[in-house]
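Heads up, model-v8.txt below (compact mmCIF, C-alpha atoms and all ligand atoms):
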```txt
# COMPACT_ATOMS: atom_id res chain seq x y z
CA MET A 17 -44.72 43.32 9.26
CA ALA A 18 -48.03 45.19 9.11
CA ALA A 19 -50.77 43.67 11.32
CA ARG A 20 -53.49 41.96 9.34
CA ASP A 21 -56.81 40.48 10.39
CA THR A 22 -59.32 40.43 7.61
CA GLY A 23 -62.24 39.44 9.88
CA ARG A 24 -65.32 38.04 8.21
CA ALA A 25 -63.91 38.98 4.80
CA GLY A 26 -61.28 36.23 5.20
CA ARG A 27 -59.08 35.97 2.12
CA GLU A 28 -61.79 37.28 -0.19
CA ALA A 29 -62.01 40.94 -1.13
CA PRO A 30 -64.29 42.58 1.44
CA ASP A 31 -67.52 44.29 0.45
CA VAL A 32 -66.36 47.50 2.09
CA VAL A 33 -63.01 48.96 3.08
CA VAL A 34 -63.13 51.92 5.48
CA VAL A 35 -60.03 54.13 5.35
CA GLY A 36 -59.63 55.61 8.85
CA GLY A 37 -60.53 54.07 12.19
CA GLY A 38 -61.44 57.24 14.06
CA VAL A 39 -64.84 57.63 15.68
CA ILE A 40 -66.49 58.14 12.28
CA GLY A 41 -64.77 55.24 10.48
CA LEU A 42 -65.45 52.89 13.41
CA ALA A 43 -69.13 53.86 13.72
CA THR A 44 -69.47 53.37 9.96
CA ALA A 45 -67.70 50.00 9.99
CA TRP A 46 -69.74 48.71 12.95
CA ARG A 47 -73.08 49.69 11.47
CA THR A 48 -72.09 48.36 8.04
CA ALA A 49 -70.92 45.01 9.42
CA LEU A 50 -74.20 44.68 11.35
CA ARG A 51 -75.97 44.96 7.99
CA GLY A 52 -74.10 41.87 6.85
CA LEU A 53 -71.41 43.46 4.64
CA ALA A 54 -67.87 42.08 5.04
CA THR A 55 -65.96 45.16 6.22
CA VAL A 56 -62.28 45.96 6.80
CA VAL A 57 -60.90 49.07 8.54
CA VAL A 58 -57.49 50.38 7.44
CA ASP A 59 -55.69 52.56 9.99
CA PRO A 60 -52.16 52.44 11.45
CA ARG A 61 -53.45 53.93 14.74
CA PRO A 62 -57.20 53.35 15.15
CA GLY A 63 -58.62 55.95 17.54
CA GLY A 64 -55.43 57.99 17.26
CA GLY A 65 -57.02 61.04 15.60
CA ALA A 66 -59.09 63.93 16.90
CA ALA A 67 -61.45 61.64 18.81
CA GLY A 68 -58.70 60.91 21.33
CA VAL A 69 -58.42 64.63 22.05
CA ALA A 70 -62.08 65.75 21.89
CA ALA A 71 -64.12 66.88 24.90
CA GLY A 72 -67.15 64.79 23.93
CA MET A 73 -69.83 67.42 24.27
CA LEU A 74 -73.06 66.36 22.57
CA ALA A 75 -74.15 69.90 22.07
CA PRO A 76 -76.45 70.63 19.12
CA VAL A 77 -77.98 73.64 20.85
CA THR A 78 -74.98 75.38 22.41
CA GLU A 79 -72.87 74.68 19.28
CA LEU A 80 -75.46 76.34 17.01
CA HIS A 81 -73.99 79.18 14.95
CA HIS A 82 -75.60 81.53 12.41
CA GLY A 83 -75.74 79.90 8.98
CA GLU A 84 -75.68 76.37 10.43
CA GLU A 85 -79.43 75.85 10.78
CA THR A 86 -79.46 72.86 8.38
CA LEU A 87 -76.63 71.24 10.29
CA LEU A 88 -78.63 71.80 13.49
CA ARG A 89 -81.26 69.33 12.27
CA LEU A 90 -78.64 66.62 11.70
CA ASN A 91 -77.00 67.39 15.05
CA LEU A 92 -80.34 67.18 16.88
CA ALA A 93 -81.22 63.93 15.11
CA SER A 94 -77.89 62.40 16.17
CA ALA A 95 -78.30 63.64 19.76
CA ASP A 96 -81.74 61.96 19.82
CA ARG A 97 -80.13 58.69 18.73
CA TYR A 98 -77.39 58.80 21.39
CA PRO A 99 -79.13 57.00 24.29
CA ALA A 100 -80.10 54.01 22.13
CA PHE A 101 -76.70 54.03 20.38
CA VAL A 102 -74.90 54.00 23.74
CA ALA A 103 -77.14 51.24 25.10
CA GLU A 104 -76.48 49.04 22.06
CA LEU A 105 -72.77 49.79 22.03
CA THR A 106 -72.38 49.14 25.76
CA GLU A 107 -74.08 45.79 25.31
CA ALA A 108 -72.03 44.91 22.23
CA ALA A 109 -68.68 45.90 23.75
CA GLY A 110 -69.35 45.15 27.41
CA THR A 111 -67.77 48.44 28.51
CA ASP A 112 -69.06 51.81 29.68
CA VAL A 113 -68.61 54.84 27.41
CA GLY A 114 -69.14 57.64 29.93
CA TYR A 115 -72.42 58.95 28.51
CA ARG A 116 -73.82 61.52 30.91
CA ALA A 117 -77.19 63.25 30.49
CA CYS A 118 -76.10 66.22 32.56
CA GLY A 119 -77.20 69.21 30.47
CA THR A 120 -75.26 72.41 29.84
CA LEU A 121 -75.20 75.92 31.25
CA ALA A 122 -73.92 78.67 28.92
CA VAL A 123 -73.10 81.82 30.89
CA ALA A 124 -72.00 85.42 30.35
CA LEU A 125 -69.37 87.22 32.43
CA ASP A 126 -69.78 90.82 31.27
CA ALA A 127 -72.14 93.05 29.29
CA ASP A 128 -70.55 92.14 25.91
CA ASP A 129 -70.74 88.42 26.65
CA ARG A 130 -74.34 88.85 27.73
CA ALA A 131 -75.25 90.64 24.49
CA GLN A 132 -73.66 87.79 22.53
CA LEU A 133 -75.48 85.18 24.60
CA ARG A 134 -78.77 87.04 24.04
CA GLU A 135 -78.06 86.79 20.27
CA SER A 136 -77.50 83.04 20.59
CA HIS A 137 -80.74 82.77 22.54
CA LEU A 138 -82.66 84.60 19.79
CA LEU A 139 -81.20 82.29 17.15
CA GLN A 140 -82.08 79.22 19.24
CA ARG A 141 -85.66 80.44 19.66
CA ARG A 142 -85.96 81.20 15.94
CA CYS A 143 -84.96 77.58 15.36
CA GLY A 144 -87.73 76.40 17.69
CA LEU A 145 -85.42 75.33 20.50
CA GLU A 146 -86.61 75.60 24.07
CA VAL A 147 -83.89 77.22 26.11
CA ALA A 148 -84.44 79.08 29.38
CA TRP A 149 -82.73 82.41 30.18
CA LEU A 150 -81.47 82.54 33.78
CA THR A 151 -80.25 85.40 35.95
CA GLY A 152 -76.73 85.27 37.37
CA ARG A 153 -78.15 84.23 40.73
CA GLU A 154 -80.13 81.39 39.14
CA CYS A 155 -76.98 80.21 37.35
CA ARG A 156 -75.05 80.14 40.63
CA ARG A 157 -77.86 78.27 42.33
CA LEU A 158 -77.34 75.51 39.76
CA GLU A 159 -73.56 75.70 39.87
CA PRO A 160 -72.39 77.30 43.15
CA MET A 161 -68.70 77.36 42.13
CA LEU A 162 -69.35 79.83 39.30
CA ALA A 163 -67.69 83.24 39.65
CA PRO A 164 -69.85 85.76 41.51
CA GLY A 165 -69.67 88.10 38.49
CA VAL A 166 -71.70 85.82 36.18
CA ARG A 167 -74.36 88.07 34.59
CA GLY A 168 -76.82 85.51 33.30
CA GLY A 169 -76.99 82.36 31.26
CA LEU A 170 -78.86 79.80 29.22
CA ARG A 171 -79.96 76.50 30.68
CA VAL A 172 -79.82 73.84 27.97
CA ASP A 173 -81.10 70.59 29.42
CA GLY A 174 -80.60 68.50 26.26
CA ASP A 175 -76.86 69.14 25.57
CA HIS A 176 -75.08 66.19 27.18
CA GLN A 177 -71.67 64.51 27.01
CA VAL A 178 -69.86 61.25 26.36
CA ASP A 179 -66.23 60.30 27.02
CA PRO A 180 -64.64 59.93 23.56
CA ARG A 181 -61.76 57.63 24.58
CA PRO A 182 -63.89 54.82 26.05
CA LEU A 183 -66.38 55.47 23.24
CA VAL A 184 -63.74 54.75 20.60
CA ALA A 185 -62.42 51.76 22.56
CA ALA A 186 -65.97 50.34 22.74
CA LEU A 187 -66.47 50.91 19.01
CA ARG A 188 -63.28 48.96 18.29
CA THR A 189 -64.49 46.04 20.41
CA ALA A 190 -67.97 46.18 18.87
CA CYS A 191 -66.41 46.18 15.39
CA GLN A 192 -64.27 43.20 16.29
CA ARG A 193 -67.28 41.29 17.64
CA ALA A 194 -69.29 42.14 14.53
CA GLY A 195 -66.57 40.53 12.39
CA VAL A 196 -64.87 43.70 11.07
CA GLY A 197 -61.33 43.04 9.85
CA TRP A 198 -58.28 45.29 10.41
CA ARG A 199 -55.24 46.38 8.50
CA ARG A 200 -53.00 48.41 10.81
CA GLU A 201 -51.25 50.45 8.16
CA ALA A 202 -51.92 53.62 6.26
CA ALA A 203 -53.74 53.70 2.95
CA THR A 204 -51.49 55.47 0.47
CA GLU A 205 -53.57 55.58 -2.69
CA LEU A 206 -57.10 55.07 -3.91
CA LEU A 207 -57.22 52.32 -6.54
CA VAL A 208 -59.37 53.09 -9.58
CA SER A 209 -60.14 50.65 -12.34
CA GLY A 210 -62.13 51.85 -15.34
CA ASP A 211 -64.68 54.24 -13.88
CA ARG A 212 -64.79 52.70 -10.37
CA ALA A 213 -62.93 52.86 -7.09
CA VAL A 214 -61.81 49.33 -6.30
CA GLY A 215 -59.97 49.69 -2.98
CA VAL A 216 -56.72 51.14 -1.68
CA ALA A 217 -52.98 50.58 -1.83
CA LEU A 218 -51.40 50.15 1.61
CA ALA A 219 -48.17 51.54 3.01
CA GLY A 220 -46.71 48.01 3.31
CA GLY A 221 -47.13 47.53 -0.45
CA ASP A 222 -50.31 45.40 -0.49
CA ARG A 223 -53.35 46.28 -2.59
CA LEU A 224 -56.64 45.82 -0.74
CA THR A 225 -59.48 45.51 -3.19
CA ALA A 226 -63.09 45.96 -2.09
CA GLY A 227 -66.53 46.43 -3.57
CA GLN A 228 -66.83 49.87 -2.00
CA THR A 229 -64.36 52.22 -0.35
CA VAL A 230 -65.27 54.70 2.37
CA LEU A 231 -62.89 57.58 2.97
CA ALA A 232 -63.09 58.43 6.69
CA ALA A 233 -59.56 59.59 7.43
CA GLY A 234 -60.51 62.77 9.31
CA CYS A 235 -58.53 65.82 8.25
CA HIS A 236 -56.26 63.58 6.11
CA SER A 237 -59.15 62.52 3.90
CA GLY A 238 -58.34 64.96 1.08
CA ALA A 239 -54.68 63.93 1.00
CA LEU A 240 -55.15 60.37 -0.32
CA ALA A 241 -53.34 59.97 -3.66
CA GLY A 242 -55.40 58.81 -6.62
CA LEU A 243 -58.54 60.84 -5.90
CA PRO A 244 -59.83 61.90 -9.33
CA PRO A 245 -60.47 65.62 -9.94
CA GLU A 246 -64.25 65.17 -10.04
CA VAL A 247 -64.20 64.05 -6.40
CA ALA A 248 -63.67 67.13 -4.24
CA VAL A 249 -62.70 66.44 -0.63
CA PRO A 250 -62.15 69.99 0.68
CA VAL A 251 -61.28 69.05 4.26
CA ARG A 252 -58.69 71.07 6.16
CA PRO A 253 -57.34 70.77 9.73
CA VAL A 254 -58.53 73.28 12.35
CA GLN A 255 -56.36 72.96 15.42
CA GLY A 256 -57.75 72.84 18.95
CA GLU A 257 -55.90 72.75 22.26
CA ILE A 258 -57.53 71.21 25.32
CA LEU A 259 -56.65 70.45 28.95
CA ARG A 260 -57.59 67.74 31.41
CA LEU A 261 -57.75 68.48 35.15
CA ARG A 262 -58.98 66.30 38.02
CA ASP A 263 -61.28 67.04 40.95
CA LEU A 264 -59.58 66.82 44.35
CA PRO A 265 -60.11 63.45 46.09
CA GLY A 266 -62.59 63.57 48.96
CA ARG A 267 -64.07 66.89 47.79
CA PRO A 268 -67.36 67.26 45.93
CA PRO A 269 -67.00 67.84 42.19
CA LEU A 270 -66.47 71.46 41.17
CA LEU A 271 -69.27 71.30 38.57
CA HIS A 272 -72.31 69.12 37.92
CA ARG A 273 -72.96 69.88 34.27
CA THR A 274 -71.04 71.29 31.30
CA VAL A 275 -70.45 75.00 31.75
CA ARG A 276 -69.43 77.16 28.84
CA ALA A 277 -68.99 80.83 28.02
CA VAL A 278 -67.58 83.26 25.52
CA VAL A 279 -64.88 85.23 27.36
CA ARG A 280 -63.61 88.31 25.47
CA GLY A 281 -64.69 86.69 22.22
CA ALA A 282 -63.06 83.30 22.86
CA GLU A 283 -65.11 80.21 23.66
CA VAL A 284 -64.27 78.19 26.75
CA TYR A 285 -66.00 75.16 28.20
CA LEU A 286 -65.60 72.93 31.24
CA VAL A 287 -66.89 69.37 30.97
CA PRO A 288 -67.05 67.43 34.28
CA ARG A 289 -66.91 63.66 33.96
CA ASP A 290 -68.27 61.11 36.44
CA SER A 291 -64.67 59.89 36.81
CA GLY A 292 -63.64 63.22 38.38
CA GLU A 293 -61.89 64.42 35.23
CA LEU A 294 -62.61 68.01 34.25
CA VAL A 295 -61.98 68.83 30.60
CA VAL A 296 -61.22 72.46 29.75
CA GLY A 297 -61.37 73.38 26.07
CA ALA A 298 -60.80 74.46 23.48
CA THR A 299 -58.87 76.85 21.30
CA SER A 300 -59.59 77.01 17.57
CA ASP A 301 -56.83 78.01 15.18
CA GLU A 302 -55.93 77.65 11.51
CA ARG A 303 -52.39 76.31 11.95
CA GLY A 304 -52.11 73.69 9.27
CA TRP A 305 -50.94 70.31 10.55
CA ASP A 306 -49.30 71.67 13.71
CA THR A 307 -50.35 69.69 16.81
CA ARG A 308 -47.93 71.28 19.26
CA VAL A 309 -49.48 72.58 22.48
CA THR A 310 -48.53 76.23 22.97
CA ALA A 311 -47.96 78.20 26.15
CA GLY A 312 -50.39 80.79 24.78
CA GLY A 313 -53.15 78.22 24.26
CA VAL A 314 -52.79 76.76 27.76
CA TYR A 315 -52.63 80.26 29.26
CA GLN A 316 -55.76 81.41 27.42
CA LEU A 317 -57.78 78.33 28.46
CA LEU A 318 -56.72 78.49 32.12
CA ARG A 319 -57.21 82.26 32.31
CA ASP A 320 -60.72 82.12 30.82
CA ALA A 321 -61.75 79.00 32.76
CA HIS A 322 -60.48 80.63 35.97
CA GLU A 323 -62.61 83.72 35.34
CA LEU A 324 -65.60 81.43 35.03
CA VAL A 325 -64.85 79.01 37.88
CA PRO A 326 -62.07 80.43 40.09
CA GLY A 327 -61.67 77.14 42.01
CA ILE A 328 -60.08 75.36 39.05
CA THR A 329 -56.60 76.65 39.93
CA GLU A 330 -56.52 74.23 42.90
CA LEU A 331 -56.97 71.18 40.68
CA PRO A 332 -54.12 69.06 39.34
CA LEU A 333 -53.46 69.56 35.63
CA LEU A 334 -53.22 66.08 34.11
CA GLU A 335 -52.81 66.61 30.41
CA THR A 336 -52.47 69.18 27.64
CA ARG A 337 -53.24 68.09 24.06
CA ALA A 338 -53.88 69.51 20.64
CA GLY A 339 -55.90 67.87 17.87
CA LEU A 340 -57.10 68.61 14.36
CA ARG A 341 -60.79 69.02 13.54
CA PRO A 342 -61.58 67.86 9.99
CA THR A 343 -63.29 70.92 8.57
CA THR A 344 -65.14 71.68 5.32
CA PRO A 345 -65.94 75.13 3.86
CA ASP A 346 -69.46 75.04 5.41
CA ASN A 347 -68.47 73.28 8.67
CA ALA A 348 -70.77 70.36 7.82
CA PRO A 349 -69.81 66.76 7.03
CA LEU A 350 -69.44 65.16 3.61
CA LEU A 351 -71.51 61.99 3.51
CA GLY A 352 -72.22 59.17 1.10
CA PRO A 353 -71.61 58.45 -2.59
CA THR A 354 -69.29 60.55 -4.74
CA ALA A 355 -69.10 61.10 -8.49
CA LEU A 356 -66.76 58.08 -8.61
CA PRO A 357 -68.80 54.87 -8.31
CA GLY A 358 -67.55 52.69 -5.46
CA LEU A 359 -66.23 55.63 -3.41
CA GLN A 360 -68.15 57.14 -0.49
CA LEU A 361 -67.15 59.83 1.99
CA ALA A 362 -67.67 60.07 5.75
CA THR A 363 -65.57 63.03 6.76
CA GLY A 364 -65.48 66.75 7.57
CA HIS A 365 -67.31 66.58 10.91
CA HIS A 366 -65.41 69.58 12.32
CA ARG A 367 -66.58 70.40 15.91
CA ASN A 368 -69.27 67.70 16.00
CA GLY A 369 -67.72 64.37 15.07
CA ILE A 370 -68.42 62.73 18.42
CA LEU A 371 -72.00 63.97 18.36
CA LEU A 372 -72.51 62.89 14.75
CA ALA A 373 -71.03 59.38 15.05
CA PRO A 374 -74.37 57.56 15.51
CA ILE A 375 -76.16 59.22 12.60
CA THR A 376 -73.12 59.03 10.33
CA GLY A 377 -72.74 55.29 10.95
CA GLU A 378 -76.42 54.79 10.26
CA ALA A 379 -76.46 56.96 7.11
CA LEU A 380 -73.35 55.36 5.63
CA ALA A 381 -74.53 51.82 6.39
CA ALA A 382 -77.74 52.70 4.56
CA SER A 383 -75.99 54.24 1.55
CA LEU A 384 -73.50 51.35 1.32
CA THR A 385 -76.31 48.81 1.23
CA SER A 386 -78.86 50.70 -0.88
CA GLY A 387 -76.74 53.20 -2.85
CA GLU A 388 -78.79 56.09 -1.44
CA LEU A 389 -78.35 58.38 1.48
CA PRO A 390 -81.37 58.58 3.80
CA GLU A 391 -83.41 61.77 3.36
CA TYR A 392 -82.06 63.41 6.55
CA ALA A 393 -78.47 63.14 5.30
CA ARG A 394 -78.99 64.42 1.73
CA PRO A 395 -78.19 68.09 2.46
CA PHE A 396 -74.71 66.84 3.39
CA HIS A 397 -74.12 64.73 0.28
CA ALA A 398 -70.49 64.24 -0.66
CA GLY A 399 -70.68 65.90 -4.07
CA ARG A 400 -71.84 69.34 -2.96
CA PHE A 401 -68.45 71.01 -3.44
CA ALA A 402 -67.98 69.36 -6.83
CA GLY A 403 -71.11 70.93 -8.35
CA ASP A 404 -73.04 67.70 -7.79
CA THR A 405 -76.71 67.94 -6.78
CA GLY A 406 -76.67 64.76 -4.74
CA ARG A 407 -79.68 63.35 -6.58
CA ARG A 408 -77.69 61.13 -8.95
CA VAL A 409 -76.55 58.29 -6.77
CA PRO A 410 -74.17 55.70 -8.22
CA ALA A 411 -74.83 52.15 -7.00
C1 LIG B 501 -59.87 70.01 20.81
C2 LIG B 501 -61.04 69.31 20.16
C3 LIG B 501 -62.24 69.23 20.86
C4 LIG B 501 -63.35 68.59 20.27
N1 LIG B 501 -64.49 68.49 21.00
C5 LIG B 501 -65.58 67.88 20.45
C6 LIG B 501 -66.77 67.76 21.18
O1 LIG B 501 -66.85 68.19 22.34
N2 LIG B 501 -67.85 67.15 20.58
C7 LIG B 501 -67.78 66.65 19.31
O2 LIG B 501 -68.79 66.14 18.81
N3 LIG B 501 -66.63 66.75 18.59
C8 LIG B 501 -65.54 67.35 19.12
N4 LIG B 501 -64.38 67.47 18.40
C9 LIG B 501 -64.39 67.05 16.99
C10 LIG B 501 -64.17 65.55 16.83
O3 LIG B 501 -63.06 65.13 17.57
C11 LIG B 501 -63.96 65.25 15.35
O4 LIG B 501 -64.99 65.82 14.57
C12 LIG B 501 -63.95 63.73 15.14
O5 LIG B 501 -62.92 63.13 15.90
C13 LIG B 501 -63.75 63.41 13.67
O6 LIG B 501 -63.72 62.01 13.56
P1 LIG B 501 -62.99 61.29 12.35
O7 LIG B 501 -63.11 59.84 12.60
O8 LIG B 501 -63.50 61.87 11.09
O9 LIG B 501 -61.47 61.78 12.46
P2 LIG B 501 -60.37 61.38 13.51
O10 LIG B 501 -60.97 61.18 14.86
O11 LIG B 501 -59.30 62.41 13.38
O12 LIG B 501 -59.84 59.97 12.98
C14 LIG B 501 -59.21 59.86 11.72
C15 LIG B 501 -58.51 58.52 11.66
O13 LIG B 501 -58.01 58.34 10.33
C16 LIG B 501 -56.74 57.74 10.39
N5 LIG B 501 -56.02 58.02 9.15
C17 LIG B 501 -55.56 59.21 8.69
N6 LIG B 501 -54.97 59.06 7.50
C18 LIG B 501 -55.06 57.74 7.18
C19 LIG B 501 -54.64 56.96 6.07
N7 LIG B 501 -53.98 57.50 5.03
N8 LIG B 501 -54.90 55.64 6.08
C20 LIG B 501 -55.56 55.06 7.11
N9 LIG B 501 -55.99 55.75 8.17
C21 LIG B 501 -55.74 57.08 8.22
C22 LIG B 501 -56.11 58.32 11.65
O14 LIG B 501 -55.08 57.47 12.16
C23 LIG B 501 -57.31 58.41 12.59
O15 LIG B 501 -57.43 57.25 13.41
C24 LIG B 501 -63.25 68.06 18.96
C25 LIG B 501 -62.04 68.12 18.28
C26 LIG B 501 -60.94 68.74 18.87
C27 LIG B 501 -59.62 68.78 18.13
```
Please, can you express the file's structure as structure tokens?
Amino acid sequence: MAARDTGRAGREAPDVVVVGGGVIGLATAWRTALRGLATVVVDPRPGGGAAGVAAGMLAPVTELHHGEETLLRLNLASADRYPAFVAELTEAAGTDVGYRACGTLAVALDADDRAQLRESHLLQRRCGLEVAWLTGRECRRLEPMLAPGVRGGLRVDGDHQVDPRPLVAALRTACQRAGVGWRREAATELLVSGDRAVGVALAGGDRLTAGQTVLAAGCHSGALAGLPPEVAVPVRPVQGEILRLRDLPGRPPLLHRTVRAVVRGAEVYLVPRDSGELVVGATSDERGWDTRVTAGGVYQLLRDAHELVPGITELPLLETRAGLRPTTPDNAPLLGPTALPGLQLATGHHRNGILLAPITGEALAASLTSGELPEYARPFHAGRFAGDTGRRVPA
């Protein structure tokens, strides 16, 4: 039988049902429950999506790409909220989430990489970001295990990290303690009555009605049956492979901060955790729903990471994984009310779902209680691919 715990909603229809208990659904449910709305999360495997695979970089600056300047503002705003979010979550859940204000060093290995890094630096400066250019020697002074060939780099003191697995575990506990209810089964169909979304049908055959429904099912968000044509959810999976290594016991850690580079056009990063884990990521491929780890992906990551930090080949390889980033046509999330009253979206966070969890939870809790997205979230309104302007906001 499917597990059921309807939390504060009891036997009554909850105010809000959140479809998907990944990092985004959980942050949304927690923040919404704290605002006093009876909330239920529907997910057969809460935390089982991309968040369990992600590196956890909180990297608005080093993840900035041309054309994503509007997204930068949201990313920076969420990064600013992280320390307070983590403090509140740690208190609510009673567990540590591995937040580390360690900064990031983005380096170049050859002349082409350096030219590309110079371009990134120009873009960062045009966006008003303070980032220091370092010589190769200065980079190695910060991180002595870097390859001697490093040609230069960018020191980004504000790009930090969190450990996504304990983060999601803490969000689940915080949700539980805030009275969020659970249905551990998949939602199969959006229920619509008249001109309103009224909940979801569940895989076990039940119908869960609710005042408002939030679709937060990661890259599966667009696949829910019953979505009317005026609600566009253009989210596709972008596959990423990632590795976990471990520092050798009794030896100092290989790295002190996140180190990243573009090696022959491919991005590679190394994220050192306080626990001694060293995350090496990540490939990025359009491979549909395929989550198999490939020999080519592992080879590429180890080869590029080894060029950057030769000492990694001594470390034990603990894990290889692949996950699916929920991606929209403009790489930015879909947030808030849709053209169908009663249905809101919290999906499409692509490379930045861990970073954007605090601000997404806050924005959705606001729009679920007031019917309006806060100003900072409006450029990402859920109707933008359906020709909607985002100004008409159904209650
Ligand atoms: C290799 C890799 C590295 C990454 N690194 C970073 C990083 O360093 N920093 C960062 O900010 N982001 C990173 N990301 C991106 C981040 O992981 C995602 O943006 C984030 O996990 C999206 O959260 P989500 O809750 O929307 O989706 P998910 O985490 O995928 O969760 C979706 C949930 O929905 C559930 N679900 C699906 N269908 C249904 C259904 N029909 N009914 C009920 N539930 C359903 C699933 O079981 C799952 O629990 C990375 C991603 C990958 C793959």
- Option closest in space to A:Ala381, from A:Pro160, A:Gly37, A:Gly64, A:Pro353 [counting only C-alpha atoms]: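 Using only C-alpha atoms, the shortest distance to A:Ala381 belongs to A:Pro353.
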- Counting all atoms listed in the file, what is within 8 Å of A:Leu333, bar same-chain residues fewer than 5 positions away, as a ChimeraX atom specification? /A:259-262
- Message: So that I can see what lies close to A:Gly119, please list as a ChimeraX atom specification the residues with an atom at most 6 Å from it, counting all atoms listed in the file and leaving out residues fewer than 2 positions away in the same chain.
- Response: /A:117,172-176,273
At a cut-off of 6 Å, using all atoms listed in the file, what residues contact A:Gly169? Leave out same-chain residues fewer than 6 positions from it and give the result as a compact mmCIF listing (two decimals) with C-alpha atoms, in the frame of the given file.
```txt
# COMPACT_ATOMS: atom_id res chain seq x y z
CA ALA A 122 -73.92 78.67 28.92
CA VAL A 123 -73.10 81.82 30.89
CA ALA A 124 -72.00 85.42 30.35
CA TRP A 149 -82.73 82.41 30.18
CA LEU A 150 -81.47 82.54 33.78
```
- Message: Measuring between all atoms listed in the file, which one of A:Pro30, A:Pro250, A:Pro60, A:Gly52 shows the shortest distance to A:Asp346?
- Response: A:Pro250
- Could you list as a count of residues only every residue that has an atom within 7 Å of (-59.6, 68.2, 7.0), using the file's coordinates and counting only C-alpha atoms? 13
Compile a residue-level contact table for stretch 353-405 of chain A against stretch 68-79 of chain A at a cut-off of 8 Å, reporting for every qualifying residue the shortest atom pair and its distance in Å to one decimal, with all atoms listed in the file counted, rows ordered by chain and ascending number, as CSV.
```
residue,atom,partner,partner_atom,distance
A:Asn368,CA,A:Leu74,CA,7.7
A:Ile370,CA,A:Gly72,CA,6.0
A:Leu371,CA,A:Leu74,CA,5.0
```
- Message: For a quick check of understanding, using only C-alpha atoms and all ligand atoms, which of A:Ala382, A:Ala93, A:Leu240, A:Leu207 has the smallest distance to ligand LIG 501 (chain B)?
- Response: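 So, comparing all the options, the nearest one is A:Leu240.
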- Note on the structure: As a check of understanding: the span from atom CA of A:Val208 to atom C23 of ligand LIG 501 (chain B) is 22.9 Å
Hey, could you patch up stretch 147-160 of chain A with N, CA and C atoms and hand it over as a compact mmCIF listing (two decimals), in the coordinates of the input?
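So part-v5.txt came out as:
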```txt
# COMPACT_ATOMS: atom_id res chain seq x y z
N VAL A 147 -85.04 76.97 25.26
CA VAL A 147 -83.89 77.22 26.11
C VAL A 147 -84.29 78.33 27.10
N ALA A 148 -84.01 78.10 28.37
CA ALA A 148 -84.44 79.08 29.38
C ALA A 148 -83.32 80.07 29.70
N TRP A 149 -83.69 81.37 29.77
CA TRP A 149 -82.73 82.41 30.18
C TRP A 149 -82.74 82.50 31.70
N LEU A 150 -81.56 82.48 32.32
CA LEU A 150 -81.47 82.54 33.78
C LEU A 150 -80.71 83.80 34.21
N THR A 151 -81.04 84.31 35.38
CA THR A 151 -80.25 85.40 35.95
C THR A 151 -78.94 84.83 36.47
N GLY A 152 -78.01 85.72 36.80
CA GLY A 152 -76.73 85.27 37.37
C GLY A 152 -76.96 84.45 38.64
N ARG A 153 -77.89 84.94 39.48
CA ARG A 153 -78.15 84.23 40.73
C ARG A 153 -78.70 82.81 40.46
N GLU A 154 -79.59 82.72 39.48
CA GLU A 154 -80.13 81.39 39.14
C GLU A 154 -79.03 80.46 38.61
N CYS A 155 -78.10 81.03 37.85
CA CYS A 155 -76.98 80.21 37.35
C CYS A 155 -76.16 79.68 38.53
N ARG A 156 -75.89 80.57 39.49
CA ARG A 156 -75.05 80.14 40.63
C ARG A 156 -75.79 79.17 41.55
N ARG A 157 -77.11 79.25 41.53
CA ARG A 157 -77.86 78.27 42.33
C ARG A 157 -77.65 76.86 41.74
N LEU A 158 -77.59 76.81 40.41
CA LEU A 158 -77.34 75.51 39.76
C LEU A 158 -75.90 75.06 39.93
N GLU A 159 -74.99 76.02 39.81
CA GLU A 159 -73.56 75.70 39.87
C GLU A 159 -72.89 76.68 40.84
N PRO A 160 -72.86 76.35 42.13
CA PRO A 160 -72.39 77.30 43.15
C PRO A 160 -70.93 77.73 42.99
```
